[in-house]
Amino acid sequence: MAAETVLSSERLRRARFAVAAVFCVHGAVTGSFATRIPWIQEHAGVSAGQLGLALAFPALGASLSMPLAGRISHRFGARTALRGLLALWTLALTLPSLAPNIWGLCAALFVYGATAGMSDVAMNALGVETENRLGRSIMSSLHGMWSVGALLGSAAGTVAAHLGGDARLHHLVAALVLTVLGLVFCQGVLDPAPAEEEEAPPRFALPPKSALVIGAIGFCAVFAEGASLDWSAVYLRDELGGSAGLAAASTTAFALTMAVARLVGDRVVDRFGAVRTVRVGGAAATLGGVLVVVAPNAATAMAGFGLVGLGVAVVVPLAFAAAARSGPNPSQAIAGVATITYTSGLIAPSAIGGIADATSLVFSFGLVTALAFGLVLGAGVLRTAPRAPSAAPAGADATKSAGPVG
């Protein structure tokens, strides 16, 4: 019996590694794309305004497609669905660099976003399933691995851009490598079978009320994250007279703060719980927003942006986990929360710019500070039933596959 228990524990350990690697692959696609946007813009011959329009299409594609992920997982099984959706996402990396004009670019980015959104929902649902089986928090570190993947992808893209490489070749090679890695890692994830009485999710459905409430918390966090990531460099340069190098460094520092906080966040969540963690994080982000608004110099503002990143880092992973436990259909609830957070990430940069044009950039970050304080007030919605380790018999992982995971 003891040997069977060890085997079951080993399966879960391998499943956790596998789903973390999947998150890393997913992030690497985003990083690979982002670094070659200037090349894609020049190749497609689009203006800055047209590029801004085209970059709205990934969020549009993701928002429309994410509700389909639950249906696909129910139809084909969680592991097979993730394998297929992740492969579509990694291969979609090749499309934007092939676009010959603005219309082709919009179409390519719509497909790119649609595959990103569906694979995002599938991997988060399996992440929550793995977390439930383990009986301890892992969602924060999984999103941390996504950030690590994004950094690795952007590093490789930076090298390719520095060498003057054609983005079509770069993205083809990256897509093939990431597709192979994704297929290999997907072999190790759990493959939970739906309950016999569970009905197939609808193809399209409005998010459940529970997802809307939890999504509001995610909205606040992602708005603060997107505003800080996209506007911190501009804020330091225009409002505080920082150099171009210092301004760029602030963006990198913010991204690194987010990644590190997510990688270590699970220990904090396990010790203090999701509600207290988000409440304290919201307080830290609020303090950071205040420092940004009143900052007399660049160093103070950078410290403020760092606190914002630290405070909001674990909110989205916890929102996904809470959504998955809020109703009978985890994928549908996660899709609802993901749609809200994607929308927040889409509107944050333009909203900050619009408010800054009408008032000032300082006033814009006053709004960010208010939304950060919303995390303190609304953290209680993340209170859900406690996790319990899987009740499956020792040596069996209660998946559709009778053999070892992976």
# chains A, B, ... in the order shown; residues from 1 in each chain; ligands from 1
$ residues_around --residues "segment 307-320 of chain A" --least-positions-apart "5" --cutoff "8 Å" --atoms "only C-alpha atoms" --output "ChimeraX atom specification"
/A:124,128,139-140,143,214-215,217-218,221-222,224-225,228,254-255,257-259,261-262,265,274,278,280-289,334,337-338,372,382
$ residues_around --residues "segment 53-67 of chain A" --least-positions-apart "5" --cutoff "7 Å" --atoms "only C-alpha atoms" --output "JSON, numbers by chain"
{"A": [105, 106, 109, 110, 111, 112, 113, 114, 116, 117, 118, 121, 203, 204, 205, 332, 335, 339, 342, 343, 346]}
$ atom_distance --atom1 "atom CA of Ala324 of chain A" --atom2 "atom CA of Ala20 of chain A"
17.8 Å
$ residues_around --residues "segment 351-358 of chain A" --least-positions-apart "4" --cutoff "9 Å" --atoms "only C-alpha atoms" --output "compact mmCIF listing (two decimals) with C-alpha atoms, in the first residue's frame"
# COMPACT_ATOMS: atom_id res chain seq x y z
CA ALA A 227 -1.33 50.45 -17.00
CA TRP A 231 2.93 53.48 -19.10
CA ILE A 347 -8.78 48.79 -22.43
CA VAL A 362 -0.67 61.70 -12.72
CA PHE A 363 -4.47 61.76 -12.55
CA SER A 364 -4.58 58.55 -14.60
CA PHE A 365 -2.52 56.75 -12.00
CA LEU A 367 -7.46 55.92 -11.03
CA VAL A 368 -5.06 52.98 -10.95
$ atom_distance --atom1 "atom CA of Leu176 of chain A" --atom2 "atom CA of Arg71 of chain A"
27.0 Å
$ closest_residue --among "A:Ser8, A:Thr277, A:Ser350, A:Thr115" --to "Leu375 of chain A" --atoms "only C-alpha atoms"
A:Thr277
$ closest_residue --among "A:Arg14, A:His43, A:Arg133, A:Arg83" --to "Gly182 of chain A" --atoms "only C-alpha atoms"
A:Arg83
$ residues_around --residues "Val177 of chain A" --least-positions-apart "6" --cutoff "12 Å" --atoms "only C-alpha atoms" --output "JSON, numbers by chain"
{"A": [25, 28, 29, 32, 87, 90, 91, 93, 153, 170, 171, 183, 184]}
$ atom_distance --atom1 "atom CA of Asp266 of chain A" --atom2 "atom CA of Gly135 of chain A"
11.8 Å
